[in-house]
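Participant: One file: final.txt (compact mmCIF, C-alpha atoms and all ligand atoms).
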```
# COMPACT_ATOMS: atom_id res chain seq x y z
CA LEU S 1149 0.00 0.00 0.00
CA GLN S 1150 2.79 2.38 0.94
CA SER S 1151 4.64 2.17 -2.37
CA GLU S 1152 1.36 2.40 -4.25
CA LEU S 1153 0.49 5.64 -2.43
CA LEU S 1154 4.01 7.08 -2.81
CA SER S 1155 3.95 6.58 -6.56
CA GLU S 1156 0.48 8.16 -6.79
CA ILE S 1157 1.86 11.16 -4.90
CA ALA S 1158 4.87 11.46 -7.16
CA ALA S 1159 2.56 11.30 -10.19
CA ALA S 1160 0.26 14.12 -9.03
CA LYS S 1161 0.77 16.95 -11.54
CA ASP S 1162 -0.93 19.80 -9.69
CA LEU S 1163 -2.22 20.77 -6.26
CA GLY S 1164 -5.77 19.56 -7.04
CA ALA S 1165 -4.59 16.08 -8.01
CA LEU S 1166 -2.40 15.92 -4.93
CA GLU S 1167 -5.33 16.81 -2.71
CA GLN S 1168 -7.34 13.95 -4.24
CA VAL S 1169 -4.55 11.53 -3.39
CA ARG S 1170 -4.45 12.85 0.16
CA VAL S 1171 -8.18 12.34 0.67
CA SER S 1172 -8.17 8.86 -0.85
CA ALA S 1173 -5.22 7.85 1.36
CA LEU S 1174 -5.64 9.61 4.69
CA GLY S 1175 -9.27 10.81 4.56
CA LYS S 1176 -11.87 9.37 6.97
CA SER S 1177 -12.84 6.59 4.57
CA GLY S 1178 -9.45 6.52 2.85
CA ARG S 1179 -7.30 3.49 2.26
CA VAL S 1180 -4.99 3.92 5.26
CA SER S 1181 -7.96 4.38 7.57
CA ALA S 1182 -9.53 1.22 6.14
CA VAL S 1183 -6.43 -0.78 7.02
CA MET S 1184 -6.40 0.76 10.49
CA LYS S 1185 -9.96 -0.45 11.05
CA ARG S 1186 -8.80 -4.07 10.80
CA LEU S 1187 -6.90 -3.51 14.06
CA GLY S 1188 -9.95 -4.33 16.15
CA SER S 1189 -10.32 -7.83 14.72
CA LEU S 1190 -6.72 -8.83 15.42
CA PRO S 1191 -5.56 -10.83 18.41
CA ALA S 1192 -4.21 -8.60 21.21
CA GLU S 1193 -0.55 -9.59 20.83
CA GLU S 1194 -0.51 -8.64 17.12
CA ARG S 1195 -2.27 -5.31 17.55
CA LYS S 1196 0.77 -3.46 18.81
CA THR S 1197 3.09 -4.28 15.93
CA PHE S 1198 0.31 -3.89 13.36
CA GLY S 1199 -0.73 -0.49 14.72
CA ALA S 1200 2.86 0.74 14.75
CA ALA S 1201 3.34 -0.43 11.16
CA VAL S 1202 0.22 1.36 9.92
CA ASN S 1203 1.22 4.54 11.75
CA ALA S 1204 4.65 4.41 10.11
CA VAL S 1205 2.95 4.20 6.71
CA LYS S 1206 0.75 7.11 7.65
CA THR S 1207 3.73 9.24 8.66
CA ARG S 1208 5.70 8.34 5.56
CA VAL S 1209 2.73 9.15 3.31
CA SER S 1210 1.99 12.50 4.92
CA GLU S 1211 5.65 13.50 4.68
CA ALA S 1212 5.61 12.62 1.01
CA LEU S 1213 2.40 14.63 0.58
CA ASP S 1214 3.95 17.67 2.26
CA SER S 1215 7.17 17.66 0.33
CA HIS S 1216 5.43 17.13 -2.98
CA LYS S 1217 3.06 19.94 -2.12
CA THR S 1218 5.98 22.31 -1.55
CA ILE S 1219 7.45 21.35 -4.91
CA LEU S 1220 4.15 21.90 -6.73
CA GLU S 1221 3.59 25.25 -4.99
CA SER S 1222 6.96 26.66 -5.91
CA ALA S 1223 6.51 25.43 -9.47
CA ALA S 1224 3.15 27.23 -9.59
CA LEU S 1225 4.80 30.41 -8.27
CA GLU S 1226 7.59 30.19 -10.85
CA ALA S 1227 5.03 29.80 -13.60
CA ARG S 1228 3.10 32.84 -12.40
CA LEU S 1229 6.20 34.98 -12.11
CA ALA S 1230 7.20 34.01 -15.63
CA SER S 1231 3.78 34.73 -17.13
CA GLU S 1232 3.21 38.01 -15.26
CA ARG S 1233 6.59 39.53 -15.81
CA ALA S 1234 6.41 43.07 -17.18
CA ASP S 1235 8.27 43.49 -20.40
CA ILE S 1236 10.04 46.79 -19.81
CA THR S 1237 11.46 46.78 -23.31
CA LEU S 1238 7.97 47.41 -24.81
CA PRO S 1239 7.61 50.92 -26.27
CA VAL S 1240 5.34 53.42 -24.42
CA ARG S 1241 1.73 53.24 -25.51
CA PRO S 1242 0.87 56.21 -27.74
CA GLY S 1243 -1.88 58.64 -26.66
CA PRO S 1244 -2.37 61.55 -24.27
CA VAL S 1245 -0.49 61.45 -21.00
CA SER S 1246 -3.00 62.35 -18.27
CA GLU S 1247 -1.96 65.46 -16.41
CA GLY S 1248 -3.15 66.76 -13.03
CA ARG S 1249 -5.36 69.85 -12.80
CA ILE S 1250 -5.47 72.67 -10.27
CA HIS S 1251 -8.78 72.85 -8.41
CA PRO S 1252 -10.67 76.14 -9.00
CA VAL S 1253 -10.57 76.94 -5.27
CA SER S 1254 -6.76 76.60 -5.15
CA HIS S 1255 -6.51 78.62 -8.34
CA VAL S 1256 -8.66 81.47 -6.98
CA MET S 1257 -6.73 81.45 -3.68
CA ASP S 1258 -3.51 81.87 -5.65
CA GLU S 1259 -5.01 84.65 -7.77
CA LEU S 1260 -6.23 86.54 -4.70
CA ALA S 1261 -2.96 86.03 -2.81
CA GLU S 1262 -1.13 87.58 -5.75
CA ILE S 1263 -3.50 90.55 -5.99
CA PHE S 1264 -3.17 91.30 -2.27
CA ALA S 1265 0.60 90.78 -2.32
CA ASP S 1266 0.76 93.58 -4.91
CA MET S 1267 -1.05 95.82 -2.40
CA GLY S 1268 1.44 95.00 0.35
CA PHE S 1269 -0.51 92.36 2.30
CA ALA S 1270 1.25 89.42 3.94
CA ILE S 1271 -0.35 85.97 4.33
CA ALA S 1272 -1.37 84.82 7.81
CA GLU S 1273 -2.75 81.47 8.86
CA GLY S 1274 -4.63 79.88 11.73
CA PRO S 1275 -5.75 76.33 12.55
CA ASP S 1276 -9.03 74.80 11.37
CA ILE S 1277 -9.62 73.60 14.94
CA GLU S 1278 -9.97 76.82 16.89
CA SER S 1279 -10.72 77.82 20.48
CA ASP S 1280 -14.18 79.06 21.31
CA ASP S 1281 -12.40 82.14 22.67
CA TYR S 1282 -10.75 83.11 19.36
CA ASN S 1283 -13.63 82.05 17.12
CA PHE S 1284 -16.22 83.94 19.20
CA THR S 1285 -15.46 85.60 22.54
CA LYS S 1286 -12.49 87.79 21.58
CA LEU S 1287 -14.40 88.78 18.43
CA ASN S 1288 -16.96 90.44 20.68
CA ILE S 1289 -19.39 87.52 20.47
CA PRO S 1290 -19.90 86.63 24.15
CA GLN S 1291 -21.26 83.31 25.45
CA GLU S 1292 -24.99 84.00 25.08
CA HIS S 1293 -24.83 86.16 21.94
CA PRO S 1294 -27.41 85.19 19.26
CA ALA S 1295 -24.71 85.30 16.54
CA ARG S 1296 -23.43 82.02 17.96
CA GLN S 1297 -26.63 80.29 16.90
CA GLU S 1298 -26.42 81.77 13.39
CA HIS S 1299 -23.07 80.13 12.88
CA ASP S 1300 -24.28 76.49 13.01
CA THR S 1301 -21.07 75.55 14.78
CA PHE S 1302 -19.46 72.12 14.91
CA TYR S 1303 -18.41 71.83 18.56
CA PHE S 1304 -15.94 69.43 20.15
CA HIS S 1305 -16.61 67.97 23.61
CA PRO S 1306 -15.41 70.34 26.35
CA ASP S 1307 -12.14 69.32 28.07
CA SER S 1308 -11.73 68.89 31.85
CA ASN S 1309 -11.42 72.69 32.31
CA GLY S 1310 -14.75 73.15 30.49
CA GLU S 1311 -12.92 74.67 27.52
CA ARG S 1312 -14.47 73.92 24.18
CA LEU S 1313 -12.82 73.70 20.78
CA VAL S 1314 -14.74 74.33 17.55
CA LEU S 1315 -14.19 73.89 13.84
CA ARG S 1316 -13.72 77.55 12.97
CA THR S 1317 -16.90 79.00 11.47
CA HIS S 1318 -15.05 81.83 9.72
CA THR S 1319 -11.49 83.04 9.11
CA SER S 1320 -11.98 85.99 11.50
CA PRO S 1321 -10.16 84.26 14.43
CA VAL S 1322 -6.99 84.82 12.37
CA GLN S 1323 -7.56 88.55 13.04
CA ILE S 1324 -7.23 87.80 16.76
CA ARG S 1325 -4.15 85.61 16.32
CA THR S 1326 -2.49 88.30 14.22
CA MET S 1327 -3.23 91.19 16.58
CA LEU S 1328 -2.01 89.13 19.56
CA SER S 1329 1.26 88.24 17.84
CA GLN S 1330 2.34 91.33 15.91
CA LYS S 1331 2.39 95.10 16.35
CA PRO S 1332 0.63 97.55 14.01
CA PRO S 1333 0.86 98.52 11.22
CA ILE S 1334 -0.80 95.24 10.22
CA ARG S 1335 -1.78 94.24 6.69
CA ILE S 1336 -2.63 90.57 6.31
CA ILE S 1337 -4.90 88.26 4.38
CA ALA S 1338 -5.85 84.81 5.66
CA PRO S 1339 -7.28 82.30 3.20
CA GLY S 1340 -8.52 78.95 4.48
CA ARG S 1341 -11.17 76.37 5.20
CA VAL S 1342 -14.16 77.13 7.43
CA TYR S 1343 -16.99 74.89 8.66
CA ARG S 1344 -20.69 75.24 9.30
CA CYS S 1345 -23.26 72.58 9.95
CA ASP S 1346 -25.24 73.35 6.80
CA SER S 1347 -25.74 71.72 3.39
CA ASP S 1348 -27.80 72.44 0.27
CA GLN S 1349 -27.23 73.66 -3.32
CA THR S 1350 -25.38 76.77 -2.22
CA HIS S 1351 -23.99 75.61 1.16
CA THR S 1352 -21.50 72.89 2.01
CA PRO S 1353 -20.40 71.98 5.57
CA MET S 1354 -16.83 72.96 4.64
CA PHE S 1355 -16.11 75.98 2.46
CA HIS S 1356 -13.40 78.61 1.96
CA GLN S 1357 -12.99 82.21 3.00
CA ILE S 1358 -10.37 84.86 2.66
CA GLU S 1359 -10.02 87.32 5.50
CA ALA S 1360 -8.27 90.68 5.35
CA LEU S 1361 -7.15 92.81 8.28
CA VAL S 1362 -5.55 96.25 8.26
CA ILE S 1363 -4.65 98.03 11.51
CA ASP S 1364 -2.90 101.40 11.52
CA GLU S 1365 -3.17 104.86 13.06
CA SER S 1366 -5.41 106.65 10.57
CA THR S 1367 -7.35 103.99 8.73
CA HIS S 1368 -10.92 104.68 7.59
CA MET S 1369 -13.78 103.27 5.51
CA GLY S 1370 -12.41 104.97 2.39
CA HIS S 1371 -9.34 102.74 2.54
CA LEU S 1372 -11.55 99.70 2.94
CA LYS S 1373 -13.64 100.64 -0.09
CA TRP S 1374 -10.56 101.33 -2.22
CA VAL S 1375 -8.96 97.99 -1.37
CA LEU S 1376 -12.19 96.15 -2.19
CA GLU S 1377 -12.57 97.96 -5.51
CA GLU S 1378 -8.98 97.35 -6.54
CA MET S 1379 -9.32 93.72 -5.62
CA CYS S 1380 -12.52 93.28 -7.66
CA LYS S 1381 -11.05 95.04 -10.70
CA ALA S 1382 -7.96 92.87 -10.63
CA PHE S 1383 -9.85 89.66 -9.88
CA PHE S 1384 -12.65 90.05 -12.42
CA GLU S 1385 -10.27 91.70 -14.90
CA VAL S 1386 -12.45 94.75 -15.56
CA ASP S 1387 -11.59 98.48 -15.66
CA GLU S 1388 -14.59 99.65 -13.66
CA VAL S 1389 -16.44 97.66 -11.09
CA LYS S 1390 -19.85 98.48 -9.72
CA MET S 1391 -19.73 97.84 -6.00
CA ARG S 1392 -21.90 98.81 -3.06
CA LEU S 1393 -21.53 98.49 0.68
CA ARG S 1394 -24.92 97.62 2.18
CA ALA S 1395 -25.33 98.43 5.89
CA SER S 1396 -25.27 95.28 7.99
CA HIS S 1397 -24.20 94.02 11.38
CA PHE S 1398 -21.30 91.93 12.67
CA PRO S 1399 -20.37 91.94 16.37
CA PHE S 1400 -16.67 92.41 15.55
CA THR S 1401 -17.02 95.43 13.22
CA GLU S 1402 -18.66 98.85 13.61
CA PRO S 1403 -19.91 100.11 11.25
CA SER S 1404 -20.47 96.90 9.29
CA ALA S 1405 -21.50 96.27 5.71
CA GLU S 1406 -22.27 93.55 3.23
CA ILE S 1407 -20.21 93.74 0.02
CA ASP S 1408 -22.27 93.52 -3.18
CA ILE S 1409 -20.87 93.68 -6.68
CA GLY S 1410 -22.74 94.50 -9.86
CA ALA S 1411 -23.19 91.28 -11.77
CA GLU S 1412 -22.25 93.08 -15.03
CA ALA S 1413 -18.75 91.92 -14.24
CA ILE S 1414 -19.90 88.39 -14.93
CA GLY S 1415 -22.36 89.16 -17.71
CA LYS S 1416 -25.58 89.43 -15.67
CA PRO S 1417 -26.54 93.12 -15.91
CA GLY S 1418 -28.97 94.60 -13.40
CA GLN S 1419 -28.25 92.13 -10.60
CA TRP S 1420 -26.27 92.47 -7.37
CA LEU S 1421 -24.23 89.66 -5.91
CA GLU S 1422 -23.09 89.43 -2.32
CA ILE S 1423 -19.47 88.37 -1.97
CA GLY S 1424 -18.77 88.94 1.74
CA GLY S 1425 -18.91 91.07 4.86
CA CYS S 1426 -16.72 93.90 6.10
CA GLY S 1427 -16.40 96.82 8.48
CA MET S 1428 -14.19 98.85 10.79
CA VAL S 1429 -12.71 96.66 13.53
CA HIS S 1430 -14.82 97.07 16.69
CA PRO S 1431 -12.99 98.87 19.55
CA ASN S 1432 -13.84 95.96 21.89
CA VAL S 1433 -11.90 93.61 19.58
CA LEU S 1434 -8.87 95.92 19.66
CA VAL S 1435 -9.05 96.03 23.47
CA ASN S 1436 -9.40 92.22 23.63
CA CYS S 1437 -6.11 92.01 21.72
CA GLY S 1438 -4.31 94.55 23.87
CA LEU S 1439 -4.44 97.46 21.39
CA ASP S 1440 -5.38 101.01 22.35
CA PRO S 1441 -8.53 101.98 20.37
CA GLN S 1442 -7.71 105.69 20.86
CA ARG S 1443 -4.54 105.20 18.87
CA TYR S 1444 -5.37 102.40 16.43
CA GLN S 1445 -8.21 101.66 14.06
CA GLY S 1446 -8.53 99.32 11.17
CA PHE S 1447 -10.79 97.48 8.83
CA ALA S 1448 -11.48 93.84 8.09
CA PHE S 1449 -13.38 91.86 5.53
CA GLY S 1450 -14.19 88.24 4.86
CA MET S 1451 -15.23 86.80 1.51
CA GLY S 1452 -16.34 83.44 0.24
CA ILE S 1453 -13.64 82.06 -2.05
CA ASP S 1454 -15.90 79.38 -3.50
CA ARG S 1455 -18.47 82.07 -4.29
CA MET S 1456 -15.80 84.14 -6.05
CA ALA S 1457 -14.75 81.09 -8.10
CA MET S 1458 -18.36 80.34 -9.09
CA LEU S 1459 -18.84 83.94 -10.22
CA LYS S 1460 -15.64 84.34 -12.19
CA TYR S 1461 -15.65 80.95 -13.86
CA GLY S 1462 -19.40 80.41 -14.20
CA ILE S 1463 -19.57 77.24 -12.11
CA PRO S 1464 -23.19 76.53 -11.11
CA ASP S 1465 -23.29 73.98 -8.28
CA LEU S 1466 -21.23 74.48 -5.12
CA ARG S 1467 -21.50 70.85 -4.06
CA ALA S 1468 -19.69 69.71 -7.20
CA PHE S 1469 -16.60 71.58 -5.91
CA PHE S 1470 -16.08 68.88 -3.29
CA SER S 1471 -17.42 65.83 -5.10
CA ALA S 1472 -14.02 64.53 -6.27
CA ASP S 1473 -15.50 63.99 -9.73
CA LEU S 1474 -12.59 63.86 -12.17
CA ARG S 1475 -14.72 64.82 -15.18
CA TRP S 1476 -15.73 67.99 -13.31
CA LEU S 1477 -12.12 68.74 -12.44
CA ARG S 1478 -10.97 68.20 -16.02
CA HIS S 1479 -13.63 70.66 -17.16
CA TYR S 1480 -13.25 73.40 -14.53
CA GLY S 1481 -9.71 72.79 -13.33
CA PHE S 1482 -6.67 74.78 -14.43
CA SER S 1483 -3.57 73.43 -16.07
CA MET S 1484 -0.41 73.36 -14.00
N1 LIG S 1501 -16.62 86.64 9.46
C1 LIG S 1501 -17.75 87.17 8.74
C2 LIG S 1501 -18.56 85.97 8.20
O1 LIG S 1501 -18.04 84.90 8.09
C3 LIG S 1501 -17.33 88.06 7.59
C4 LIG S 1501 -16.63 89.30 8.06
C5 LIG S 1501 -15.25 89.33 8.20
C6 LIG S 1501 -17.35 90.44 8.36
C7 LIG S 1501 -14.60 90.49 8.63
C8 LIG S 1501 -16.73 91.57 8.77
C9 LIG S 1501 -15.35 91.60 8.90
O2 LIG S 1501 -19.72 86.10 7.86
```
Show how you would write the structure in this file as structure tokens.

Facilitator:
Amino acid sequence: LQSELLSEIAAAKDLGALEQVRVSALGKSGRVSAVMKRLGSLPAEERKTFGAAVNAVKTRVSEALDSHKTILESAALEARLASERADITLPVRPGPVSEGRIHPVSHVMDELAEIFADMGFAIAEGPDIESDDYNFTKLNIPQEHPARQEHDTFYFHPDSNGERLVLRTHTSPVQIRTMLSQKPPIRIIAPGRVYRCDSDQTHTPMFHQIEALVIDESTHMGHLKWVLEEMCKAFFEVDEVKMRLRASHFPFTEPSAEIDIGAEAIGKPGQWLEIGGCGMVHPNVLVNCGLDPQRYQGFAFGMGIDRMAMLKYGIPDLRAFFSADLRWLRHYGFSM
């Protein structure tokens, strides 16, 4: 039986055939098991030698199975390696090489950064995860202020000191960080991501703003208006821009205004489009940052970058900006 099984094993050409041999030899109703079953009918003195002999066959057969299995497996691996080898001598396939594209938001951020750099603004940054204090309190939005509700804030759990972090709801906390860390005169812009718990055709839970802050000793609304006009002319690439400041309210500016631009700039005459908010920095905010409001004043504004991109490049749906759809990016993206 042993030599019969060993030659069957040696003859097995692949792993499937080998497995069949294993089952027919060592399986529950296999040939070795059948021999083993005869043990019971033997006289007691013969059982011991017979049992030992059958076990020896069993061991020998399973060793042969194992070693043949290893041989077949490495042969299978060799065959696969040979058949899947890449032929690096083949010539490159003809056709267009696919090239990355710059996302419209990144492109507009770069455009705006360049425009403001020409006007002498430096770039400042702050973290997306912000303290409640910088996002609200120091901006003159105290604990129970209704503006907190309007912001649809994503809150983190408070820590053991009861302090609460938030995903910043606007880029205005960068105003605070800047005033706390540098002395006037200050001229910065701060582009970045902001978050509000809100989603429909024109709102996404994450979007982009660009903040501007100017602090000096004789700054007034006229400077604010001039900077906004120059920015719009350069950004929309027009000689004249129709712009209006519509009275509004923000806790951190006084007076405050909404910035509207005439939609002529984008080929929609007769309409106004809101692009952001602005105003003169509120004296309380200056005091909160250790600046003397008798000596210093300044202005700030915040605009939606995504909104600016939609306007300039005629992109209809805001949600598509963040859909990771490559066809969309190929269409609206910019070449490197
Ligand atoms: N932070 C305001 C907003 O997100 C915009 C703003 C910035 C208004 C600076 C005034 C001054 O709506």

Participant: Each residue of chain S with at least one atom at most 7 Å from ligand LIG 1501 (chain S) should appear once, together with its nearest atom pair and the corresponding distance in Å (one decimal); atoms considered: only C-alpha atoms and all ligand atoms; ordering: chain, then increasing residue number; output as a Markdown table.

Facilitator:
```
| residue | atom | partner | partner_atom | distance |
| --- | --- | --- | --- | --- |
| S:Thr1317 | CA | S:LIG1501 | O1 | 6.9 |
| S:His1318 | CA | S:LIG1501 | O1 | 4.6 |
| S:Thr1319 | CA | S:LIG1501 | N1 | 6.3 |
| S:Ser1320 | CA | S:LIG1501 | N1 | 5.1 |
| S:Glu1359 | CA | S:LIG1501 | C5 | 6.2 |
| S:Phe1398 | CA | S:LIG1501 | C8 | 6.0 |
| S:Phe1400 | CA | S:LIG1501 | C9 | 6.8 |
| S:Thr1401 | CA | S:LIG1501 | C8 | 5.9 |
| S:Ser1404 | CA | S:LIG1501 | C8 | 6.5 |
| S:Gly1424 | CA | S:LIG1501 | C3 | 6.1 |
| S:Gly1425 | CA | S:LIG1501 | C6 | 3.9 |
| S:Cys1426 | CA | S:LIG1501 | C8 | 3.5 |
| S:Gly1427 | CA | S:LIG1501 | C8 | 5.3 |
| S:Ala1448 | CA | S:LIG1501 | C9 | 4.5 |
| S:Phe1449 | CA | S:LIG1501 | C7 | 3.6 |
| S:Gly1450 | CA | S:LIG1501 | C5 | 3.7 |
| S:Met1451 | CA | S:LIG1501 | C3 | 6.6 |
```

Participant: Keeping only C-alpha atoms, write those residues as a PDB file, keeping the file's coordinate frame.

Facilitator:
```
ATOM      1  CA  THR S1317     -16.900  79.000  11.470  1.00  0.00           C
ATOM      2  CA  HIS S1318     -15.050  81.830   9.720  1.00  0.00           C
ATOM      3  CA  THR S1319     -11.490  83.040   9.110  1.00  0.00           C
ATOM      4  CA  SER S1320     -11.980  85.990  11.500  1.00  0.00           C
ATOM      5  CA  GLU S1359     -10.020  87.320   5.500  1.00  0.00           C
ATOM      6  CA  PHE S1398     -21.300  91.930  12.670  1.00  0.00           C
ATOM      7  CA  PHE S1400     -16.670  92.410  15.550  1.00  0.00           C
ATOM      8  CA  THR S1401     -17.020  95.430  13.220  1.00  0.00           C
ATOM      9  CA  SER S1404     -20.470  96.900   9.290  1.00  0.00           C
ATOM     10  CA  GLY S1424     -18.770  88.940   1.740  1.00  0.00           C
ATOM     11  CA  GLY S1425     -18.910  91.070   4.860  1.00  0.00           C
ATOM     12  CA  CYS S1426     -16.720  93.900   6.100  1.00  0.00           C
ATOM     13  CA  GLY S1427     -16.400  96.820   8.480  1.00  0.00           C
ATOM     14  CA  ALA S1448     -11.480  93.840   8.090  1.00  0.00           C
ATOM     15  CA  PHE S1449     -13.380  91.860   5.530  1.00  0.00           C
ATOM     16  CA  GLY S1450     -14.190  88.240   4.860  1.00  0.00           C
ATOM     17  CA  MET S1451     -15.230  86.800   1.510  1.00  0.00           C
TER      18      MET S1451
END
```

Participant: Grab the CA of Arg1312 (chain S) to CA of Asp1281 (chain S) distance for me, in Å with one decimal place.

Facilitator: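 That distance, rounded to one decimal, is 8.6 Å.
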
Participant: Report the distance between CA of Met1267 (chain S) and CA of Tyr1282 (chain S) in Å, rounded to one decimal place.

Facilitator: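 Here the two named atoms are 27.0 Å from each other.
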
Participant: Would you mind listing what lies within 6 Å of region 1350-1358 of chain S as a list in words, with all atoms listed in the file counted and same-chain residues fewer than 3 positions away left out?

Facilitator: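 The filter keeps Ala1338, Pro1339, Gly1340, Arg1341, Val1342, Tyr1343, Arg1344, Cys1345, Asp1346, Ser1347, Gly1450, Met1451, Gly1452, Ile1453 and Leu1466 of chain S.
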
Participant: Would you mind reading off the distance between CA of Glu1365 (chain S) and CA of Tyr1444 (chain S), one decimal, in Å?

Facilitator: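 About the pair CA of Glu1365 (chain S) and CA of Tyr1444 (chain S): they are 4.7 Å apart.
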
Participant: Could you give me, as a short mmCIF file (atom, residue, chain, number, x, y, z; two decimals) with C-alpha atoms, in the coordinates of the input, the residues within 7 Å of Val1169 (chain S), counting only C-alpha atoms and dropping anything in the same chain fewer than 4 positions from it?

Facilitator:
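And here is the file that came out, out_23.cif:
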```cif
data_model
loop_
_atom_site.label_atom_id
_atom_site.label_comp_id
_atom_site.auth_asym_id
_atom_site.auth_seq_id
_atom_site.Cartn_x
_atom_site.Cartn_y
_atom_site.Cartn_z
CA GLU S 1156 0.48 8.16 -6.79
CA ILE S 1157 1.86 11.16 -4.90
CA ALA S 1165 -4.59 16.08 -8.01
CA ALA S 1173 -5.22 7.85 1.36
#
```

Participant: Do a neighbour search on Met1428 (chain S) at 10 Å with all atoms listed in the file, toss out local chain neighbours closer than 5 positions, and write the hits as a ChimeraX atom specification.

Facilitator: /S:1361-1363,1367-1369,1372,1400-1405,1445-1449

Participant: Need to verify the contact set: Leu1328 (chain S), 10 Å, all atoms listed in the file, exclusion of same-chain residues closer than 5 positions in sequence. Can you return it as a ChimeraX atom specification?

Facilitator: /S:1322-1323,1434,1436-1439

Participant: Give the answer as one residue: which of S:Tyr1461, S:Phe1198, S:Trp1476, S:Phe1269 has the shortest atom-to-atom distance to Met1379 (chain S), using all atoms listed in the file?

Facilitator: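 Using all atoms listed in the file, the shortest distance to Met1379 (chain S) belongs to S:Phe1269.
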
Participant: Could you tell me which of S:Met1257, S:Leu1229, S:Gly1248, S:Leu1163 comes closest to Lys1217 (chain S) if we count all atoms listed in the file?

Facilitator: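 Going through S:Met1257, S:Leu1229, S:Gly1248, S:Leu1163 one by one, the smallest distance to Lys1217 (chain S) is for S:Leu1163.
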
Participant: Output requested as a PDB file, keeping the file's coordinate frame - region 1416-1421 of chain S, filled out with all heavy atoms.

Facilitator:
```pdb
ATOM      1  N   LYS S1416     -24.177  89.481 -16.086  1.00  0.00           N
ATOM      2  CA  LYS S1416     -25.580  89.430 -15.670  1.00  0.00           C
ATOM      3  C   LYS S1416     -26.014  90.840 -15.258  1.00  0.00           C
ATOM      4  O   LYS S1416     -26.095  91.142 -14.071  1.00  0.00           O
ATOM      5  CB  LYS S1416     -25.771  88.498 -14.475  1.00  0.00           C
ATOM      6  CG  LYS S1416     -25.673  87.034 -14.802  1.00  0.00           C
ATOM      7  CD  LYS S1416     -26.046  86.235 -13.558  1.00  0.00           C
ATOM      8  CE  LYS S1416     -25.886  84.737 -13.774  1.00  0.00           C
ATOM      9  NZ  LYS S1416     -26.039  84.008 -12.508  1.00  0.00           N
ATOM     10  N   PRO S1417     -26.245  91.734 -16.240  1.00  0.00           N
ATOM     11  CA  PRO S1417     -26.540  93.120 -15.910  1.00  0.00           C
ATOM     12  C   PRO S1417     -27.797  93.262 -15.051  1.00  0.00           C
ATOM     13  O   PRO S1417     -28.712  92.461 -15.148  1.00  0.00           O
ATOM     14  CB  PRO S1417     -26.729  93.785 -17.280  1.00  0.00           C
ATOM     15  CG  PRO S1417     -26.948  92.668 -18.240  1.00  0.00           C
ATOM     16  CD  PRO S1417     -26.278  91.462 -17.671  1.00  0.00           C
ATOM     17  N   GLY S1418     -27.780  94.296 -14.191  1.00  0.00           N
ATOM     18  CA  GLY S1418     -28.970  94.600 -13.400  1.00  0.00           C
ATOM     19  C   GLY S1418     -29.072  93.832 -12.090  1.00  0.00           C
ATOM     20  O   GLY S1418     -29.961  94.090 -11.293  1.00  0.00           O
ATOM     21  N   GLN S1419     -28.160  92.878 -11.853  1.00  0.00           N
ATOM     22  CA  GLN S1419     -28.250  92.130 -10.600  1.00  0.00           C
ATOM     23  C   GLN S1419     -27.089  92.486  -9.665  1.00  0.00           C
ATOM     24  O   GLN S1419     -26.029  92.903 -10.115  1.00  0.00           O
ATOM     25  CB  GLN S1419     -28.181  90.626 -10.885  1.00  0.00           C
ATOM     26  CG  GLN S1419     -29.442  90.065 -11.515  1.00  0.00           C
ATOM     27  CD  GLN S1419     -29.306  88.549 -11.730  1.00  0.00           C
ATOM     28  OE1 GLN S1419     -28.817  87.832 -10.868  1.00  0.00           O
ATOM     29  NE2 GLN S1419     -29.729  88.076 -12.881  1.00  0.00           N
ATOM     30  N   TRP S1420     -27.333  92.305  -8.364  1.00  0.00           N
ATOM     31  CA  TRP S1420     -26.270  92.470  -7.370  1.00  0.00           C
ATOM     32  C   TRP S1420     -25.913  91.112  -6.789  1.00  0.00           C
ATOM     33  O   TRP S1420     -26.788  90.274  -6.606  1.00  0.00           O
ATOM     34  CB  TRP S1420     -26.737  93.384  -6.234  1.00  0.00           C
ATOM     35  CG  TRP S1420     -26.875  94.818  -6.623  1.00  0.00           C
ATOM     36  CD1 TRP S1420     -28.038  95.461  -6.951  1.00  0.00           C
ATOM     37  CD2 TRP S1420     -25.833  95.788  -6.741  1.00  0.00           C
ATOM     38  NE1 TRP S1420     -27.791  96.774  -7.258  1.00  0.00           N
ATOM     39  CE2 TRP S1420     -26.440  97.004  -7.126  1.00  0.00           C
ATOM     40  CE3 TRP S1420     -24.454  95.754  -6.554  1.00  0.00           C
ATOM     41  CZ2 TRP S1420     -25.716  98.177  -7.340  1.00  0.00           C
ATOM     42  CZ3 TRP S1420     -23.735  96.925  -6.760  1.00  0.00           C
ATOM     43  CH2 TRP S1420     -24.357  98.125  -7.150  1.00  0.00           C
ATOM     44  N   LEU S1421     -24.650  90.920  -6.509  1.00  0.00           N
ATOM     45  CA  LEU S1421     -24.230  89.660  -5.910  1.00  0.00           C
ATOM     46  C   LEU S1421     -23.429  89.930  -4.652  1.00  0.00           C
ATOM     47  O   LEU S1421     -22.517  90.759  -4.663  1.00  0.00           O
ATOM     48  CB  LEU S1421     -23.354  88.878  -6.891  1.00  0.00           C
ATOM     49  CG  LEU S1421     -24.105  88.386  -8.122  1.00  0.00           C
ATOM     50  CD1 LEU S1421     -23.142  88.102  -9.242  1.00  0.00           C
ATOM     51  CD2 LEU S1421     -24.910  87.144  -7.768  1.00  0.00           C
TER      52      LEU S1421
END
```
